[in-house]
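Colleague: My structure is below; once you've seen it, I'll send some questions.
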Amino acid sequence: MKRFLLCGVAALSLATVAAPALAGNVAIVQGSFYTPNLYNSLVAAGETVTEISSYTAASLAGFDAVIHYGNSFTDTTALDTYVNGGGRLILTPWSGLNYSLPADLQVFDNGGNAIFSTSNPGMTVLAAGDPLLAGVTLPGAGTVDVGYIGSIGFFAGATQVANYNDGTAFLGHKNVGAGEVFGINLHLITSDTAFQVADTPWATQIVVNAIGGTGGAVPEPASWALMIGGFGMAGAALRRRRAVAVAA
């Protein structure tokens, strides 16, 4: 009997271990001044990436994550439907500047001013331990050129992960319906600004983390099967033992 109980406990332990991060099926929306640097970096990191030029809510439904920037085709209604249905939307500049985002998709304020390329003013972590920063070491001030939307803050309700030392919002996210929206205020795609940071491991890792989402551990189906099977064996053994006792 002890042996079967141990099987059940072991199965429960397996079921509560966080599922390993898996490669995602990702779309990058192409547009003006598009560069494939981020695409190449994500493929090298093991992601499955498809470049698309337009979309509908239905066509986005097959992707785990969609990366969107502001020089591209934009349908905020389709994006809203996608996120509420469980998708992960990753917004980079010029999102929120070239077009206005509806409130439920805003991680940052709309508007701001275009900073095409400047020496990194420095970055301050506001939420140490946030999943968006897992495995990421942010660069020091003056060590890399960056482009971003200046003079914007975090939208109400967003998780504030990091900002620039000039007070501009840098990284954040929020849950929307069954999905998530991520704001990465750093040019990673468009060649009209400093986008070469997409070639650096720290920037790629931020995007990989966003693709994986910030949700808690979810038991894998196989682990649930082990748990159920383990307790099933324990229950069966207990019933047999009782049956033998009654027969005696």
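Chain labels A, B, ... are given in the sequence in which chains occur in the structure tokens; within each chain residues are numbered consecutively from 1, and ligands are likewise numbered from 1 in the order shown.
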Taking 4 positions as the minimum chain separation for residues in the same chain, which residues sit within 9 Å of Ala65 of chain A when counting only C-alpha atoms? Answer as JSON, numbers by chain.
Modeller: {"A": [24, 25, 26, 27, 28, 60, 87, 88, 89, 90, 210, 211, 212, 213]}
Colleague: Would you please give, as a PDB file with N, CA and C atoms, in the first residue's frame, all residues of segment 77-226 of chain A that DSSP assigns to helix (DSSP H, G or I) based on the backbone?
Modeller:
```pdb
ATOM      1  N   THR A  77      -9.124  46.312 -34.271  1.00  0.00           N
ATOM      2  CA  THR A  77     -10.253  45.448 -33.914  1.00  0.00           C
ATOM      3  C   THR A  77      -9.837  43.984 -33.985  1.00  0.00           C
ATOM      4  N   ALA A  78      -9.106  43.615 -35.042  1.00  0.00           N
ATOM      5  CA  ALA A  78      -8.612  42.243 -35.172  1.00  0.00           C
ATOM      6  C   ALA A  78      -7.619  41.919 -34.064  1.00  0.00           C
ATOM      7  N   LEU A  79      -6.753  42.873 -33.746  1.00  0.00           N
ATOM      8  CA  LEU A  79      -5.783  42.652 -32.668  1.00  0.00           C
ATOM      9  C   LEU A  79      -6.479  42.467 -31.329  1.00  0.00           C
ATOM     10  N   ASP A  80      -7.508  43.258 -31.086  1.00  0.00           N
ATOM     11  CA  ASP A  80      -8.258  43.162 -29.842  1.00  0.00           C
ATOM     12  C   ASP A  80      -8.918  41.794 -29.725  1.00  0.00           C
ATOM     13  N   THR A  81      -9.510  41.322 -30.801  1.00  0.00           N
ATOM     14  CA  THR A  81     -10.144  40.005 -30.806  1.00  0.00           C
ATOM     15  C   THR A  81      -9.114  38.908 -30.561  1.00  0.00           C
ATOM     16  N   TYR A  82      -7.968  39.036 -31.193  1.00  0.00           N
ATOM     17  CA  TYR A  82      -6.888  38.058 -31.037  1.00  0.00           C
ATOM     18  C   TYR A  82      -6.425  37.960 -29.588  1.00  0.00           C
ATOM     19  N   VAL A  83      -6.182  39.100 -28.966  1.00  0.00           N
ATOM     20  CA  VAL A  83      -5.682  39.095 -27.585  1.00  0.00           C
ATOM     21  C   VAL A  83      -6.741  38.570 -26.624  1.00  0.00           C
ATOM     22  N   ASN A  84      -7.961  39.046 -26.746  1.00  0.00           N
ATOM     23  CA  ASN A  84      -9.008  38.585 -25.847  1.00  0.00           C
ATOM     24  C   ASN A  84      -9.257  37.084 -25.968  1.00  0.00           C
ATOM     25  N   ALA A 103      -7.875  51.555 -25.547  1.00  0.00           N
ATOM     26  CA  ALA A 103      -7.422  51.521 -24.152  1.00  0.00           C
ATOM     27  C   ALA A 103      -7.024  50.121 -23.689  1.00  0.00           C
ATOM     28  N   ASP A 104      -7.784  49.088 -24.103  1.00  0.00           N
ATOM     29  CA  ASP A 104      -7.461  47.768 -23.568  1.00  0.00           C
ATOM     30  C   ASP A 104      -6.183  47.186 -24.152  1.00  0.00           C
ATOM     31  N   LEU A 105      -5.649  47.766 -25.233  1.00  0.00           N
ATOM     32  CA  LEU A 105      -4.388  47.307 -25.791  1.00  0.00           C
ATOM     33  C   LEU A 105      -3.214  48.198 -25.400  1.00  0.00           C
ATOM     34  N   PRO A 131       8.936  38.055 -15.232  1.00  0.00           N
ATOM     35  CA  PRO A 131       9.309  37.089 -16.275  1.00  0.00           C
ATOM     36  C   PRO A 131       9.836  37.718 -17.547  1.00  0.00           C
ATOM     37  N   LEU A 132       9.478  38.946 -17.824  1.00  0.00           N
ATOM     38  CA  LEU A 132       9.954  39.612 -19.034  1.00  0.00           C
ATOM     39  C   LEU A 132      11.470  39.843 -18.994  1.00  0.00           C
ATOM     40  N   LEU A 133      12.040  39.832 -17.790  1.00  0.00           N
ATOM     41  CA  LEU A 133      13.473  40.095 -17.632  1.00  0.00           C
ATOM     42  C   LEU A 133      14.279  38.836 -17.340  1.00  0.00           C
ATOM     43  N   GLN A 196      19.565  48.009 -34.572  1.00  0.00           N
ATOM     44  CA  GLN A 196      20.544  46.921 -34.509  1.00  0.00           C
ATOM     45  C   GLN A 196      20.595  46.224 -33.158  1.00  0.00           C
ATOM     46  N   VAL A 197      19.918  46.782 -32.143  1.00  0.00           N
ATOM     47  CA  VAL A 197      19.874  46.096 -30.857  1.00  0.00           C
ATOM     48  C   VAL A 197      19.160  44.753 -30.989  1.00  0.00           C
ATOM     49  N   ALA A 198      18.392  44.556 -32.076  1.00  0.00           N
ATOM     50  CA  ALA A 198      17.745  43.266 -32.309  1.00  0.00           C
ATOM     51  C   ALA A 198      18.775  42.156 -32.464  1.00  0.00           C
ATOM     52  N   ASP A 199      20.024  42.520 -32.786  1.00  0.00           N
ATOM     53  CA  ASP A 199      21.087  41.528 -32.945  1.00  0.00           C
ATOM     54  C   ASP A 199      21.743  41.158 -31.620  1.00  0.00           C
ATOM     55  N   PRO A 201      21.906  39.686 -27.708  1.00  0.00           N
ATOM     56  CA  PRO A 201      21.213  38.633 -26.952  1.00  0.00           C
ATOM     57  C   PRO A 201      20.209  39.173 -25.937  1.00  0.00           C
ATOM     58  N   TRP A 202      20.521  40.279 -25.280  1.00  0.00           N
ATOM     59  CA  TRP A 202      19.615  40.772 -24.235  1.00  0.00           C
ATOM     60  C   TRP A 202      18.283  41.225 -24.813  1.00  0.00           C
ATOM     61  N   ALA A 203      18.330  41.884 -25.983  1.00  0.00           N
ATOM     62  CA  ALA A 203      17.090  42.355 -26.599  1.00  0.00           C
ATOM     63  C   ALA A 203      16.273  41.184 -27.145  1.00  0.00           C
ATOM     64  N   THR A 204      16.953  40.235 -27.778  1.00  0.00           N
ATOM     65  CA  THR A 204      16.252  39.049 -28.274  1.00  0.00           C
ATOM     66  C   THR A 204      15.579  38.309 -27.136  1.00  0.00           C
ATOM     67  N   GLN A 205      16.259  38.206 -26.000  1.00  0.00           N
ATOM     68  CA  GLN A 205      15.704  37.458 -24.869  1.00  0.00           C
ATOM     69  C   GLN A 205      14.446  38.115 -24.326  1.00  0.00           C
ATOM     70  N   ILE A 206      14.387  39.431 -24.316  1.00  0.00           N
ATOM     71  CA  ILE A 206      13.167  40.112 -23.866  1.00  0.00           C
ATOM     72  C   ILE A 206      11.988  39.681 -24.740  1.00  0.00           C
ATOM     73  N   VAL A 207      12.201  39.645 -26.055  1.00  0.00           N
ATOM     74  CA  VAL A 207      11.121  39.255 -26.963  1.00  0.00           C
ATOM     75  C   VAL A 207      10.769  37.784 -26.781  1.00  0.00           C
ATOM     76  N   VAL A 208      11.766  36.932 -26.627  1.00  0.00           N
ATOM     77  CA  VAL A 208      11.507  35.502 -26.386  1.00  0.00           C
ATOM     78  C   VAL A 208      10.683  35.330 -25.113  1.00  0.00           C
ATOM     79  N   ASN A 209      11.002  36.097 -24.081  1.00  0.00           N
ATOM     80  CA  ASN A 209      10.241  36.021 -22.835  1.00  0.00           C
ATOM     81  C   ASN A 209       8.792  36.456 -23.044  1.00  0.00           C
ATOM     82  N   ALA A 210       8.602  37.497 -23.835  1.00  0.00           N
ATOM     83  CA  ALA A 210       7.242  37.958 -24.120  1.00  0.00           C
ATOM     84  C   ALA A 210       6.464  36.912 -24.909  1.00  0.00           C
ATOM     85  N   ILE A 211       7.119  36.264 -25.852  1.00  0.00           N
ATOM     86  CA  ILE A 211       6.469  35.206 -26.619  1.00  0.00           C
ATOM     87  C   ILE A 211       5.962  34.108 -25.695  1.00  0.00           C
ATOM     88  N   GLY A 212       6.762  33.782 -24.669  1.00  0.00           N
ATOM     89  CA  GLY A 212       6.380  32.738 -23.726  1.00  0.00           C
ATOM     90  C   GLY A 212       5.319  33.159 -22.727  1.00  0.00           C
ATOM     91  N   PRO A 221      -0.132  18.014 -19.680  1.00  0.00           N
ATOM     92  CA  PRO A 221      -1.128  16.942 -19.671  1.00  0.00           C
ATOM     93  C   PRO A 221      -0.556  15.612 -19.216  1.00  0.00           C
ATOM     94  N   ALA A 222       0.674  15.318 -19.633  1.00  0.00           N
ATOM     95  CA  ALA A 222       1.278  14.052 -19.226  1.00  0.00           C
ATOM     96  C   ALA A 222       1.440  13.978 -17.716  1.00  0.00           C
ATOM     97  N   SER A 223       1.759  15.135 -17.084  1.00  0.00           N
ATOM     98  CA  SER A 223       1.918  15.154 -15.633  1.00  0.00           C
ATOM     99  C   SER A 223       0.592  14.923 -14.946  1.00  0.00           C
ATOM    100  N   TRP A 224      -0.482  15.535 -15.471  1.00  0.00           N
ATOM    101  CA  TRP A 224      -1.803  15.278 -14.904  1.00  0.00           C
ATOM    102  C   TRP A 224      -2.145  13.803 -15.016  1.00  0.00           C
ATOM    103  N   ALA A 225      -1.793  13.195 -16.148  1.00  0.00           N
ATOM    104  CA  ALA A 225      -2.084  11.773 -16.317  1.00  0.00           C
ATOM    105  C   ALA A 225      -1.336  10.949 -15.290  1.00  0.00           C
ATOM    106  N   LEU A 226      -0.082  11.315 -15.043  1.00  0.00           N
ATOM    107  CA  LEU A 226       0.686  10.605 -14.023  1.00  0.00           C
ATOM    108  C   LEU A 226       0.052  10.746 -12.655  1.00  0.00           C
TER     109      LEU A 226
END
```
Colleague: My list of candidates is A:Tyr55, A:Phe170, A:Phe63, A:Phe73. Which is closest to Asp109 of chain A when distances are computed with only C-alpha atoms?
Modeller: A:Phe170
Colleague: What is the distance, in Å and to one decimal place, between atom CA of Ala128 of chain A and atom CA of Gln160 of chain A?
Modeller: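 Computed distance, atom CA of Ala128 of chain A to atom CA of Gln160 of chain A, equals 10.3 Å.
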Colleague: For Tyr99 of chain A, work out the shell of residues within 10 Å, counting only C-alpha atoms and skipping chain neighbours fewer than 6 positions away, then give it as a PyMOL selection string.
Modeller: chain A and resi 69-71+74+76+110-111
Colleague: Take the residues just selected and output them with C-alpha atoms as an mmCIF file, in the first residue's frame.
Modeller:
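Written output follows (part.cif):
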```cif
data_model
loop_
_atom_site.group_PDB
_atom_site.id
_atom_site.type_symbol
_atom_site.label_atom_id
_atom_site.label_comp_id
_atom_site.auth_asym_id
_atom_site.auth_seq_id
_atom_site.Cartn_x
_atom_site.Cartn_y
_atom_site.Cartn_z
ATOM 1 C CA TYR A 69 5.150 47.914 -35.082
ATOM 2 C CA GLY A 70 3.730 51.162 -36.297
ATOM 3 C CA ASN A 71 4.930 51.298 -39.916
ATOM 4 C CA THR A 74 -2.953 47.851 -38.598
ATOM 5 C CA THR A 76 -6.878 47.237 -33.942
ATOM 6 C CA ASN A 110 -0.441 56.914 -27.023
ATOM 7 C CA GLY A 111 1.506 59.747 -28.616
#
```
Colleague: Would you mind writing down, as a PyMOL selection string, each residue of segment 7-214 of chain A that DSSP on the backbone assigns to strand (DSSP E or B)?
Modeller: chain A and resi 25-29+31+34+48-52+65-68+72+88-91+95+99+108+113-119+123-125+145-150+154+159-164+169-176+179-184+190
Colleague: Hey, can you check how far atom CA of Trp94 of chain A sits from atom CA of Phe154 of chain A?
Modeller: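 Rounded to one decimal, the two atoms are 15.6 Å apart.
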Colleague: Out of A:Thr124, A:Ser54, A:Thr168, A:Thr48, which residue has the shortest atom-to-atom distance to Gly150 of chain A when counting only C-alpha atoms?
Modeller: A:Thr168
Colleague: Return the single residue from A:Ala162, A:Ala114, A:Leu101, A:Ala61 that is closest to Leu126 of chain A, with distances computed using only C-alpha atoms.
Modeller: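 Of A:Ala162, A:Ala114, A:Leu101, A:Ala61, the one nearest Leu126 of chain A is A:Ala162, counting only C-alpha atoms.
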